[in-house]
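S.K.: To start, I am sharing the structure in question, which I have written as structure tokens.
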Amino acid sequence: MTKRRDPGSPRAALSDLFTACGGVESAANFLGRSPFSLHKVSDPDEERDLGFRQVSQLTRTFRASAAAEHLAAQAGGIFLPLPDDSGSELADITGQALVEAAEAARAVLSAESASSEGGKQHTAAECRAILREFDDVLRLVGRARAIVAAEAEALDAERSSLRIAS
């Protein structure tokens with residue numbers, strides 16, 4: 001059974017990082033470590049840790065943003081990755097963000113219900129569920145924002161080069 005890692009915790013960020021790398025075995029192979037050792041560094045009951053250099057190597061090699069998202073949240077912000085060139089469509093991402101926002105609203109309204117697990121007061125489990133939903137929304141909105149920002153920058157550069165040419 002997998003131990004629960006609280007959303008927003010360093011251990012949850014490591015677990016998400018390993019998932020984005022193709023799993024613990026893939027990350028362990030890349031780092032030259034055993035899968036057991038990586039399971040231990042993401043275990044909330046363990047003292048072991050993974051060094052920043054190795055987290056950075058996994059992030060760069062696998063383009064895995066979990067650590068960047070975690071650090072940005074710890075600093076009071078959100079991570080906004082640059083769009084890749086895979087042809088992601090702004091409309092698709094916006095639609096996904098709306099679906100996730102509806103899921104986040106559902107989680108909030110469900111937790112606020114008198115018939116919820118904690119009644120009118122939130123439980124820790126309800127708060128974790130709401131955080132997961134908000135994190136999904138923020139990731140998608142951040143991607144959409146990055147796409148629009150890149151497009152605006154490209155259009156500004158194009159317009160600037162036209163002025164210089166004329």
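We label chains A, B, ... in the order they appear in the structure tokens, count residues from 1 in each chain, and number ligands from 1 in the order shown.
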Contacts of A:Cys127 at 12 Å or less, counting only C-alpha atoms, minus same-chain residues fewer than 6 places along, as number ranges by chain?
M.R.: A: 6-8, 104, 107-112, 117-118, 121, 133-134
S.K.: Take the residues from that selection and write them out as a CSV table (one decimal), in the first residue's frame, keeping N, CA and C atoms.
M.R.:
```
chain,number,residue,atom,x,y,z
A,6,ASP,N,1.1,14.2,1.8
A,6,ASP,CA,0.2,15.4,1.8
A,6,ASP,C,0.5,16.3,0.6
A,7,PRO,N,-0.5,16.8,-0.1
A,7,PRO,CA,-0.3,17.7,-1.2
A,7,PRO,C,0.5,18.9,-0.7
A,8,GLY,N,1.4,19.3,-1.6
A,8,GLY,CA,2.3,20.5,-1.2
A,8,GLY,C,3.5,20.1,-0.4
A,104,ALA,N,-12.8,21.4,-9.2
A,104,ALA,CA,-12.4,22.1,-8.0
A,104,ALA,C,-13.6,22.7,-7.2
A,107,ALA,N,-15.4,20.0,-5.4
A,107,ALA,CA,-14.7,19.6,-4.2
A,107,ALA,C,-15.0,20.6,-3.1
A,108,VAL,N,-15.0,21.9,-3.4
A,108,VAL,CA,-15.2,22.9,-2.4
A,108,VAL,C,-16.7,22.8,-1.9
A,109,LEU,N,-17.6,22.7,-2.9
A,109,LEU,CA,-19.0,22.7,-2.5
A,109,LEU,C,-19.3,21.4,-1.7
A,110,SER,N,-18.7,20.3,-2.1
A,110,SER,CA,-18.9,19.1,-1.4
A,110,SER,C,-18.4,19.2,0.1
A,111,ALA,N,-17.2,19.8,0.3
A,111,ALA,CA,-16.7,19.9,1.6
A,111,ALA,C,-17.5,20.9,2.4
A,112,GLU,N,-18.1,21.9,1.8
A,112,GLU,CA,-18.9,22.9,2.5
A,112,GLU,C,-20.3,22.3,2.9
A,117,GLU,N,-17.9,14.9,5.2
A,117,GLU,CA,-17.2,14.2,6.3
A,117,GLU,C,-17.1,15.0,7.5
A,118,GLY,N,-16.7,16.3,7.4
A,118,GLY,CA,-16.5,17.2,8.6
A,118,GLY,C,-17.7,18.1,8.9
A,121,GLN,N,-17.4,22.1,8.8
A,121,GLN,CA,-15.9,22.4,8.9
A,121,GLN,C,-15.2,21.4,8.1
A,133,GLU,N,-7.3,19.5,-6.6
A,133,GLU,CA,-8.1,20.1,-7.7
A,133,GLU,C,-7.6,21.4,-8.1
A,134,PHE,N,-7.3,22.3,-7.1
A,134,PHE,CA,-6.8,23.6,-7.4
A,134,PHE,C,-5.4,23.5,-8.1
```
S.K.: Quick one: of A:Lys3, A:Ala129, A:Ala73, A:Ile93, who's nearest to A:Arg106, counting only C-alpha atoms?
M.R.: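 The answer is A:Ala129, which sits nearest to A:Arg106.
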S.K.: Out of A:His122, A:Arg159, A:His39, A:Arg63, which residue has the shortest atom-to-atom distance to A:Gly23 when counting only C-alpha atoms?
M.R.: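 Closest to A:Gly23 of all the choices is A:His39.
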S.K.: Between atom CA of A:Ser9 and atom CA of A:Ser113, what is the distance in Å, rounded to a tenth?
M.R.: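 We find that atom CA of A:Ser9 and atom CA of A:Ser113 lie 26.9 Å from each other.
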S.K.: Identify which of the residues A:Gly51, A:Ser115, A:Leu58, A:Ala91 lies closest to A:Val24, counting only C-alpha atoms when measuring atom-to-atom distances.
M.R.: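 The shortest atom-to-atom distance to A:Val24 comes from A:Leu58.
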S.K.: Determine the nearest neighbour of A:Leu31 from the options A:Arg143, A:Asp135, A:Thr61, A:Glu158, counting only C-alpha atoms.
M.R.: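 Result for the nearest residue to A:Leu31: A:Thr61.
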S.K.: When you draw a straight line from atom CA of A:Pro35 to atom CA of A:Glu69, how long is it in Å?
M.R.: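 Straight-line distance from atom CA of A:Pro35 to atom CA of A:Glu69 works out to 23.5 Å.
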S.K.: List the neighbours of stretch 95-99 of chain A out to 9 Å using only C-alpha atoms; skip same-chain residues closer than 4 positions along the sequence, and give me the result as an MDAnalysis selection string.
M.R.: chainID A and resid 90:91 103:104 136:141 144
S.K.: Those residues you just picked out, can you put them in a file as a PDB file, in the first residue's frame with C-alpha atoms?
M.R.:
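Written file, again.pdb:
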```
ATOM      1  CA  LEU A  90      -4.907  27.098 -26.465  1.00  0.00           C
ATOM      2  CA  ALA A  91      -8.580  26.161 -26.860  1.00  0.00           C
ATOM      3  CA  GLU A 103     -13.999  19.694 -10.390  1.00  0.00           C
ATOM      4  CA  ALA A 104     -12.393  22.127  -7.956  1.00  0.00           C
ATOM      5  CA  ASP A 136      -4.672  20.841 -11.555  1.00  0.00           C
ATOM      6  CA  VAL A 137      -6.418  24.116 -12.462  1.00  0.00           C
ATOM      7  CA  LEU A 138      -3.286  26.188 -11.811  1.00  0.00           C
ATOM      8  CA  ARG A 139      -1.117  23.921 -13.977  1.00  0.00           C
ATOM      9  CA  LEU A 140      -3.467  24.248 -16.921  1.00  0.00           C
ATOM     10  CA  VAL A 141      -4.036  27.984 -16.526  1.00  0.00           C
ATOM     11  CA  ALA A 144      -2.458  28.588 -21.242  1.00  0.00           C
TER      12      ALA A 144
END
```
S.K.: So which bits of chain A end up helix (DSSP H, G or I) when you DSSP the backbone, as JSON, numbers by chain?
M.R.: {"A": [10, 11, 12, 13, 14, 15, 16, 17, 18, 19, 20, 24, 25, 26, 27, 28, 29, 30, 31, 35, 36, 37, 38, 39, 40, 41, 52, 53, 54, 55, 56, 57, 58, 59, 60, 61, 62, 66, 67, 68, 69, 70, 71, 72, 73, 74, 90, 91, 92, 93, 94, 95, 96, 97, 98, 99, 100, 101, 102, 103, 104, 105, 106, 107, 108, 109, 110, 111, 112, 124, 125, 126, 127, 128, 129, 130, 131, 132, 133, 134, 135, 136, 137, 138, 139, 140, 141, 142, 143, 144, 145, 146, 147, 148, 149, 150, 151, 152, 153, 154, 155, 156, 157, 158, 159, 160, 161, 162, 163, 164, 165]}
S.K.: Using only C-alpha atoms, pick whichever of A:Thr59, A:Asp45, A:Arg53, A:Lys40 has the shortest atom-to-atom distance to A:Asp16.
M.R.: A:Thr59
S.K.: If we count only C-alpha atoms and set the cut-off at 10 Å, which residues sit around A:Ala12, ignoring sequence neighbours fewer than 4 positions away in its own chain? Please answer as a ChimeraX atom specification.
M.R.: /A:4-8,16-18,42-44,66-67,70
S.K.: So the first atom is atom CA of A:Phe62 and the second is atom CA of A:Leu80; what is the distance between them in Å, to one decimal place?
M.R.: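 Rounded to one decimal, the two atoms are 16.8 Å apart.
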